[in-house]
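*Asks:* Dropping in final06.txt, which is compact mmCIF, N, CA and C atoms:
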# COMPACT_ATOMS: atom_id res chain seq x y z
N MET A 1 0.84 -1.19 0.00
CA MET A 1 0.00 0.00 0.00
C MET A 1 0.88 1.24 0.00
N ALA A 2 0.56 2.19 -0.84
CA ALA A 2 1.33 3.41 -0.95
C ALA A 2 1.09 4.33 0.24
N LEU A 3 2.12 5.09 0.58
CA LEU A 3 1.99 6.09 1.63
C LEU A 3 1.28 7.31 1.07
N LYS A 4 0.62 8.04 1.98
CA LYS A 4 -0.04 9.29 1.60
C LYS A 4 0.49 10.38 2.53
N ILE A 5 0.89 11.51 1.94
CA ILE A 5 1.32 12.65 2.73
C ILE A 5 0.48 13.86 2.34
N MET A 6 0.43 14.84 3.23
CA MET A 6 -0.30 16.08 2.95
C MET A 6 0.70 17.22 2.83
N SER A 7 0.45 18.09 1.85
CA SER A 7 1.24 19.31 1.69
C SER A 7 0.28 20.48 1.88
N ILE A 8 0.53 21.28 2.91
CA ILE A 8 -0.31 22.44 3.21
C ILE A 8 0.49 23.68 2.86
N ASP A 9 0.04 24.39 1.83
CA ASP A 9 0.77 25.56 1.35
C ASP A 9 -0.19 26.43 0.57
N ASP A 10 -0.12 27.74 0.73
CA ASP A 10 -1.01 28.62 -0.01
C ASP A 10 -0.55 28.84 -1.45
N SER A 11 0.57 28.27 -1.81
CA SER A 11 1.10 28.38 -3.17
C SER A 11 0.83 27.09 -3.95
N LYS A 12 0.03 27.21 -5.01
CA LYS A 12 -0.23 26.05 -5.87
C LYS A 12 1.07 25.55 -6.49
N ALA A 13 1.98 26.48 -6.77
CA ALA A 13 3.26 26.11 -7.39
C ALA A 13 4.06 25.20 -6.46
N VAL A 14 4.08 25.50 -5.17
CA VAL A 14 4.83 24.67 -4.23
C VAL A 14 4.17 23.30 -4.11
N ILE A 15 2.85 23.27 -3.98
CA ILE A 15 2.15 21.99 -3.90
C ILE A 15 2.42 21.16 -5.16
N ASN A 16 2.32 21.79 -6.32
CA ASN A 16 2.56 21.07 -7.57
C ASN A 16 4.01 20.58 -7.66
N TYR A 17 4.95 21.36 -7.15
CA TYR A 17 6.35 20.95 -7.15
C TYR A 17 6.54 19.71 -6.27
N ILE A 18 5.92 19.71 -5.10
CA ILE A 18 6.03 18.56 -4.20
C ILE A 18 5.35 17.34 -4.82
N LYS A 19 4.19 17.54 -5.45
CA LYS A 19 3.53 16.43 -6.14
C LYS A 19 4.43 15.88 -7.24
N TRP A 20 5.04 16.78 -8.00
CA TRP A 20 5.96 16.36 -9.08
C TRP A 20 7.14 15.59 -8.50
N ALA A 21 7.71 16.09 -7.39
CA ALA A 21 8.88 15.44 -6.79
C ALA A 21 8.58 14.00 -6.41
N PHE A 22 7.37 13.75 -5.92
CA PHE A 22 7.01 12.41 -5.47
C PHE A 22 6.32 11.59 -6.55
N SER A 23 6.15 12.15 -7.74
CA SER A 23 5.41 11.46 -8.81
C SER A 23 6.09 10.18 -9.29
N THR A 24 7.38 10.06 -9.05
CA THR A 24 8.09 8.84 -9.48
C THR A 24 8.31 7.89 -8.30
N THR A 25 7.56 8.10 -7.22
CA THR A 25 7.63 7.22 -6.05
C THR A 25 6.26 6.61 -5.83
N ASP A 26 6.14 5.80 -4.82
CA ASP A 26 4.82 5.23 -4.49
C ASP A 26 4.14 6.04 -3.38
N ILE A 27 4.52 7.32 -3.25
CA ILE A 27 3.94 8.20 -2.24
C ILE A 27 2.97 9.16 -2.91
N GLU A 28 1.74 9.17 -2.39
CA GLU A 28 0.69 10.07 -2.91
C GLU A 28 0.72 11.36 -2.10
N VAL A 29 0.63 12.50 -2.80
CA VAL A 29 0.62 13.80 -2.15
C VAL A 29 -0.77 14.42 -2.30
N VAL A 30 -1.36 14.79 -1.17
CA VAL A 30 -2.64 15.50 -1.15
C VAL A 30 -2.32 16.95 -0.82
N GLY A 31 -2.67 17.86 -1.72
CA GLY A 31 -2.39 19.28 -1.51
C GLY A 31 -3.59 20.01 -0.94
N VAL A 32 -3.31 20.88 0.03
CA VAL A 32 -4.34 21.71 0.65
C VAL A 32 -3.82 23.14 0.67
N LEU A 33 -4.63 24.08 0.16
CA LEU A 33 -4.19 25.46 0.00
C LEU A 33 -4.41 26.35 1.22
N GLU A 34 -5.27 25.93 2.15
CA GLU A 34 -5.58 26.78 3.29
C GLU A 34 -5.40 26.03 4.60
N GLY A 35 -4.83 26.71 5.59
CA GLY A 35 -4.58 26.10 6.88
C GLY A 35 -5.83 25.59 7.56
N GLN A 36 -6.91 26.38 7.53
CA GLN A 36 -8.13 25.96 8.21
C GLN A 36 -8.74 24.73 7.55
N GLU A 37 -8.67 24.67 6.23
CA GLU A 37 -9.17 23.48 5.52
C GLU A 37 -8.39 22.23 5.96
N ALA A 38 -7.08 22.38 6.10
CA ALA A 38 -6.26 21.25 6.54
C ALA A 38 -6.61 20.84 7.97
N ILE A 39 -6.79 21.82 8.84
CA ILE A 39 -7.18 21.53 10.22
C ILE A 39 -8.49 20.75 10.23
N ASP A 40 -9.47 21.23 9.46
CA ASP A 40 -10.77 20.56 9.40
C ASP A 40 -10.63 19.13 8.88
N MET A 41 -9.86 18.96 7.82
CA MET A 41 -9.67 17.63 7.25
C MET A 41 -9.02 16.67 8.24
N LEU A 42 -8.00 17.15 8.93
CA LEU A 42 -7.21 16.29 9.81
C LEU A 42 -7.89 16.02 11.15
N THR A 43 -8.70 16.96 11.63
CA THR A 43 -9.33 16.76 12.94
C THR A 43 -10.71 16.11 12.83
N LYS A 44 -11.33 16.18 11.65
CA LYS A 44 -12.67 15.63 11.49
C LYS A 44 -12.67 14.30 10.74
N SER A 45 -11.52 13.85 10.34
CA SER A 45 -11.43 12.56 9.65
C SER A 45 -10.28 11.76 10.26
N ASP A 46 -9.85 10.76 9.57
CA ASP A 46 -8.78 9.91 10.06
C ASP A 46 -7.43 10.51 9.69
N ALA A 47 -6.85 11.26 10.60
CA ALA A 47 -5.55 11.89 10.33
C ALA A 47 -4.46 10.86 10.11
N GLU A 48 -4.67 9.66 10.63
CA GLU A 48 -3.65 8.62 10.49
C GLU A 48 -3.51 8.11 9.07
N GLN A 49 -4.44 8.52 8.18
CA GLN A 49 -4.29 8.12 6.78
C GLN A 49 -3.07 8.79 6.15
N PHE A 50 -2.58 9.86 6.78
CA PHE A 50 -1.40 10.56 6.28
C PHE A 50 -0.18 10.16 7.09
N ALA A 51 0.87 9.75 6.38
CA ALA A 51 2.10 9.34 7.05
C ALA A 51 2.87 10.55 7.58
N ALA A 52 2.72 11.69 6.89
CA ALA A 52 3.43 12.91 7.29
C ALA A 52 2.77 14.12 6.64
N ILE A 53 3.13 15.29 7.15
CA ILE A 53 2.59 16.55 6.65
C ILE A 53 3.74 17.51 6.39
N PHE A 54 3.76 18.11 5.20
CA PHE A 54 4.63 19.25 4.91
C PHE A 54 3.78 20.49 5.12
N LEU A 55 4.22 21.41 5.98
CA LEU A 55 3.42 22.57 6.37
C LEU A 55 4.20 23.86 6.14
N ASP A 56 3.65 24.73 5.31
CA ASP A 56 4.25 26.03 5.03
C ASP A 56 4.10 26.96 6.22
N TRP A 57 5.13 27.71 6.52
CA TRP A 57 5.09 28.66 7.64
C TRP A 57 4.26 29.88 7.27
N GLU A 58 4.57 30.49 6.14
CA GLU A 58 4.04 31.81 5.81
C GLU A 58 2.81 31.71 4.91
N MET A 59 1.67 31.47 5.55
CA MET A 59 0.38 31.42 4.86
C MET A 59 -0.51 32.47 5.50
N PRO A 60 -1.57 32.86 4.76
CA PRO A 60 -2.57 33.73 5.41
C PRO A 60 -3.19 32.99 6.60
N ALA A 61 -3.84 33.73 7.44
CA ALA A 61 -4.40 33.17 8.67
C ALA A 61 -5.27 31.94 8.40
N PRO A 62 -5.07 30.89 9.17
CA PRO A 62 -4.01 30.74 10.16
C PRO A 62 -2.68 30.37 9.49
N ASN A 63 -1.61 30.97 10.02
CA ASN A 63 -0.29 30.68 9.45
C ASN A 63 0.20 29.31 9.92
N GLY A 64 1.33 28.89 9.40
CA GLY A 64 1.85 27.56 9.70
C GLY A 64 2.01 27.26 11.18
N PRO A 65 2.65 28.17 11.96
CA PRO A 65 2.79 27.89 13.38
C PRO A 65 1.44 27.73 14.10
N LYS A 66 0.42 28.49 13.69
CA LYS A 66 -0.90 28.36 14.31
C LYS A 66 -1.54 27.03 13.91
N VAL A 67 -1.37 26.63 12.66
CA VAL A 67 -1.89 25.33 12.22
C VAL A 67 -1.19 24.22 13.01
N LEU A 68 0.12 24.31 13.13
CA LEU A 68 0.91 23.33 13.89
C LEU A 68 0.39 23.22 15.32
N LYS A 69 0.22 24.36 15.98
CA LYS A 69 -0.26 24.39 17.36
C LYS A 69 -1.64 23.75 17.47
N THR A 70 -2.55 24.10 16.57
CA THR A 70 -3.90 23.56 16.61
C THR A 70 -3.89 22.05 16.42
N LEU A 71 -3.11 21.58 15.45
CA LEU A 71 -3.04 20.14 15.21
C LEU A 71 -2.48 19.39 16.41
N LYS A 72 -1.43 19.90 16.99
CA LYS A 72 -0.81 19.24 18.14
C LYS A 72 -1.77 19.25 19.34
N GLU A 73 -2.46 20.38 19.56
CA GLU A 73 -3.43 20.46 20.66
C GLU A 73 -4.62 19.53 20.44
N SER A 74 -4.90 19.21 19.17
CA SER A 74 -6.00 18.31 18.84
C SER A 74 -5.60 16.85 18.97
N GLY A 75 -4.33 16.61 19.30
CA GLY A 75 -3.86 15.25 19.49
C GLY A 75 -3.36 14.58 18.22
N ILE A 76 -3.19 15.34 17.16
CA ILE A 76 -2.67 14.79 15.91
C ILE A 76 -1.21 14.42 16.12
N GLU A 77 -0.88 13.16 15.88
CA GLU A 77 0.49 12.69 16.08
C GLU A 77 1.25 12.51 14.77
N THR A 78 0.62 12.82 13.66
CA THR A 78 1.27 12.71 12.35
C THR A 78 2.50 13.61 12.34
N PRO A 79 3.65 13.10 11.92
CA PRO A 79 4.85 13.94 11.85
C PRO A 79 4.64 15.14 10.92
N ILE A 80 5.13 16.31 11.38
CA ILE A 80 4.97 17.55 10.62
C ILE A 80 6.35 18.14 10.35
N ILE A 81 6.60 18.40 9.07
CA ILE A 81 7.84 19.03 8.62
C ILE A 81 7.48 20.42 8.12
N MET A 82 8.02 21.44 8.77
CA MET A 82 7.75 22.82 8.37
C MET A 82 8.60 23.21 7.16
N LEU A 83 7.98 23.94 6.25
CA LEU A 83 8.68 24.50 5.10
C LEU A 83 8.75 26.01 5.32
N THR A 84 9.95 26.57 5.29
CA THR A 84 10.09 27.98 5.64
C THR A 84 11.26 28.64 4.93
N SER A 85 11.15 29.94 4.75
CA SER A 85 12.29 30.72 4.26
C SER A 85 13.01 31.38 5.44
N ARG A 86 12.47 31.19 6.62
CA ARG A 86 13.09 31.76 7.83
C ARG A 86 14.23 30.86 8.29
N ASN A 87 15.37 31.49 8.56
CA ASN A 87 16.51 30.68 9.00
C ASN A 87 17.13 31.19 10.29
N ASP A 88 16.42 32.10 10.98
CA ASP A 88 16.98 32.59 12.24
C ASP A 88 16.69 31.59 13.36
N GLU A 89 17.58 31.56 14.30
CA GLU A 89 17.52 30.57 15.38
C GLU A 89 16.21 30.64 16.17
N ASP A 90 15.72 31.85 16.44
CA ASP A 90 14.48 32.00 17.21
C ASP A 90 13.30 31.36 16.49
N SER A 91 13.19 31.58 15.19
CA SER A 91 12.08 31.00 14.42
C SER A 91 12.15 29.48 14.42
N ILE A 92 13.33 28.96 14.21
CA ILE A 92 13.51 27.51 14.18
C ILE A 92 13.18 26.91 15.55
N MET A 93 13.65 27.53 16.61
CA MET A 93 13.36 27.04 17.96
C MET A 93 11.86 27.10 18.25
N THR A 94 11.21 28.17 17.79
CA THR A 94 9.77 28.32 18.02
C THR A 94 8.99 27.16 17.42
N ILE A 95 9.29 26.81 16.16
CA ILE A 95 8.51 25.73 15.53
C ILE A 95 8.88 24.36 16.08
N MET A 96 10.13 24.17 16.44
CA MET A 96 10.53 22.88 17.00
C MET A 96 9.92 22.69 18.39
N GLU A 97 9.91 23.75 19.19
CA GLU A 97 9.30 23.66 20.52
C GLU A 97 7.79 23.50 20.43
N ALA A 98 7.18 23.99 19.34
CA ALA A 98 5.73 23.86 19.15
C ALA A 98 5.33 22.46 18.69
N GLY A 99 6.33 21.64 18.35
CA GLY A 99 6.01 20.26 18.00
C GLY A 99 6.34 19.83 16.59
N ALA A 100 6.97 20.71 15.81
CA ALA A 100 7.39 20.29 14.47
C ALA A 100 8.45 19.19 14.61
N ASP A 101 8.39 18.22 13.72
CA ASP A 101 9.35 17.13 13.77
C ASP A 101 10.65 17.49 13.07
N ASP A 102 10.56 18.42 12.12
CA ASP A 102 11.75 18.88 11.41
C ASP A 102 11.34 20.10 10.59
N TYR A 103 12.30 20.68 9.89
CA TYR A 103 12.00 21.81 9.01
C TYR A 103 12.89 21.74 7.79
N ILE A 104 12.41 22.37 6.73
CA ILE A 104 13.16 22.44 5.48
C ILE A 104 13.17 23.90 5.04
N MET A 105 14.35 24.38 4.70
CA MET A 105 14.47 25.75 4.19
C MET A 105 14.08 25.82 2.72
N LYS A 106 13.36 26.86 2.36
CA LYS A 106 13.04 27.12 0.96
C LYS A 106 14.18 27.93 0.36
N PRO A 107 14.51 27.75 -0.88
CA PRO A 107 13.99 26.73 -1.80
C PRO A 107 14.62 25.38 -1.47
N PHE A 108 13.95 24.32 -1.91
CA PHE A 108 14.42 22.97 -1.60
C PHE A 108 14.37 22.11 -2.85
N THR A 109 15.08 21.00 -2.79
CA THR A 109 15.15 20.06 -3.91
C THR A 109 14.32 18.82 -3.57
N PRO A 110 13.95 18.05 -4.58
CA PRO A 110 13.28 16.77 -4.28
C PRO A 110 14.11 15.89 -3.36
N GLU A 111 15.41 15.88 -3.56
CA GLU A 111 16.29 15.05 -2.74
C GLU A 111 16.19 15.42 -1.26
N LEU A 112 16.09 16.72 -0.97
CA LEU A 112 15.97 17.15 0.43
C LEU A 112 14.62 16.73 1.00
N LEU A 113 13.55 16.83 0.21
CA LEU A 113 12.24 16.34 0.66
C LEU A 113 12.32 14.85 1.00
N PHE A 114 12.94 14.08 0.09
CA PHE A 114 13.07 12.64 0.31
C PHE A 114 13.89 12.35 1.56
N GLU A 115 14.99 13.08 1.73
CA GLU A 115 15.88 12.85 2.87
C GLU A 115 15.15 13.09 4.19
N LYS A 116 14.48 14.22 4.30
CA LYS A 116 13.79 14.56 5.55
C LYS A 116 12.65 13.57 5.83
N LEU A 117 11.87 13.24 4.80
CA LEU A 117 10.76 12.32 4.98
C LEU A 117 11.27 10.93 5.35
N SER A 118 12.36 10.51 4.72
CA SER A 118 12.97 9.21 5.03
C SER A 118 13.41 9.15 6.49
N GLU A 119 14.02 10.24 6.96
CA GLU A 119 14.49 10.29 8.35
C GLU A 119 13.32 10.24 9.33
N ILE A 120 12.29 11.02 9.07
CA ILE A 120 11.14 11.11 9.97
C ILE A 120 10.39 9.77 10.05
N LEU A 121 10.21 9.13 8.89
CA LEU A 121 9.41 7.91 8.83
C LEU A 121 10.24 6.63 8.91
N ASP A 122 11.56 6.79 8.88
CA ASP A 122 12.47 5.65 8.89
C ASP A 122 12.15 4.67 7.75
N ILE A 123 12.09 5.25 6.56
CA ILE A 123 11.82 4.47 5.35
C ILE A 123 12.84 4.84 4.28
N GLU A 124 12.87 4.02 3.23
CA GLU A 124 13.68 4.35 2.07
C GLU A 124 12.72 4.73 0.95
N ILE A 125 12.95 5.89 0.36
CA ILE A 125 12.10 6.35 -0.74
C ILE A 125 12.80 5.95 -2.04
N VAL A 126 12.09 5.17 -2.83
CA VAL A 126 12.65 4.66 -4.08
C VAL A 126 11.92 5.32 -5.23
N ARG A 127 12.71 5.89 -6.15
CA ARG A 127 12.14 6.45 -7.36
C ARG A 127 11.98 5.32 -8.38
N GLN A 128 10.83 5.32 -9.03
CA GLN A 128 10.57 4.33 -10.08
C GLN A 128 11.06 4.86 -11.41
N ALA A 129 11.49 3.97 -12.24
CA ALA A 129 12.02 4.37 -13.57
C ALA A 129 10.90 4.79 -14.49
What is this file in structure tokens?

*Replies:*
Amino acid sequence: MALKIMSIDDSKAVINYIKWAFSTTDIEVVGVLEGQEAIDMLTKSDAEQFAAIFLDWEMPAPNGPKVLKTLKESGIETPIIMLTSRNDEDSIMTIMEAGADDYIMKPFTPELLFEKLSEILDIEIVRQA
């Protein structure tokens, strides 16, 4: 059975890039453009259907850190990897202390997505020919 991950980002381009990156793997990417929609989906359905979540920091309300906080307070245990252009120590500490499992700096490559997801889930991501 293929893994399913969620990408929460207000940029269709970023979601499409992540979908493209995983298109040669057996991992399905579900894209969500709004933080509140993602919260509703994850708290009102089976959040465990998703192996992991890529979450953008800088979205319109609610922003990534607020989505992260809401999900963690709701008991969602799905690993969350923050996507951010912020690289200052305070920002990174804030999201890690809020419960993010890891973070990725923008811009990023497919290889970095694979590396972080592999580490979080303890799996090997294989690209199909």

*Asks:* For Ile53 in chain A, which of A:Lys106, A:Lys4, A:Lys72, A:Lys19 is the closest residue, counting only C-alpha atoms?

*Replies:* A:Lys4

*Asks:* Smallest atom-to-atom distance to Met6 in chain A: which of A:Ser85, A:Leu117, A:Thr70, A:Phe108, using only C-alpha atoms?

*Replies:*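 The answer is A:Leu117, which sits nearest to Met6 in chain A.
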
*Asks:* List every residue of range 47-89 of chain A that DSSP, applied to the backbone of this structure, places in helix (DSSP H, G or I), and write the result as a ChimeraX atom specification.

*Replies:* /A:47-49,64-73,89

*Asks:* With distances taken over only N, CA and C atoms, which of A:Leu3, A:Val14, A:Leu55, A:Leu68 is nearest to Ala98 in chain A?

*Replies:*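 That would be A:Leu68, the residue with the smallest distance to Ala98 in chain A.
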
*Asks:* Excluding Ala61 in chain A and residues on its chain fewer than 3 positions from it, collect all residues at most 10 Å away from it, counting only C-alpha atoms, and give them as a PyMOL selection string.

*Replies:* chain A and resi 34-36+58+64+66-67

*Asks:* Please indicate the distance in Å from atom C of Leu112 in chain A to atom C of Thr24 in chain A, rounded to one decimal place.

*Replies:*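 Interatomic distance, atom C of Leu112 in chain A to atom C of Thr24 in chain A: 14.3 Å.
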
*Asks:* Mind pulling up the distance from atom C of Val32 in chain A to atom N of Pro60 in chain A?

*Replies:* 10.8 Å

*Asks:* Contacts of range 126-128 of chain A at 8 Å or less, counting all atoms listed in the file, minus same-chain residues fewer than 3 places along, as a JSON list (two decimals) with N, CA and C atoms, in the coordinates of the input?

*Replies:*
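Output file result.json is given in full below:
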[["chain", "number", "residue", "atom", "x", "y", "z"],
["A", 22, "PHE", "N", 7.37, 13.75, -5.92],
["A", 22, "PHE", "CA", 7.01, 12.41, -5.47],
["A", 22, "PHE", "C", 6.32, 11.59, -6.55],
["A", 23, "SER", "N", 6.15, 12.15, -7.74],
["A", 23, "SER", "CA", 5.41, 11.46, -8.81],
["A", 23, "SER", "C", 6.09, 10.18, -9.29],
["A", 24, "THR", "N", 7.38, 10.06, -9.05],
["A", 24, "THR", "CA", 8.09, 8.84, -9.48],
["A", 24, "THR", "C", 8.31, 7.89, -8.30],
["A", 25, "THR", "N", 7.56, 8.10, -7.22],
["A", 25, "THR", "CA", 7.63, 7.22, -6.05],
["A", 25, "THR", "C", 6.26, 6.61, -5.83],
["A", 26, "ASP", "N", 6.14, 5.80, -4.82],
["A", 26, "ASP", "CA", 4.82, 5.23, -4.49],
["A", 26, "ASP", "C", 4.14, 6.04, -3.38],
["A", 27, "ILE", "N", 4.52, 7.32, -3.25],
["A", 27, "ILE", "CA", 3.94, 8.20, -2.24],
["A", 27, "ILE", "C", 2.97, 9.16, -2.91],
["A", 123, "ILE", "N", 12.09, 5.25, 6.56],
["A", 123, "ILE", "CA", 11.82, 4.47, 5.35],
["A", 123, "ILE", "C", 12.84, 4.84, 4.28]]
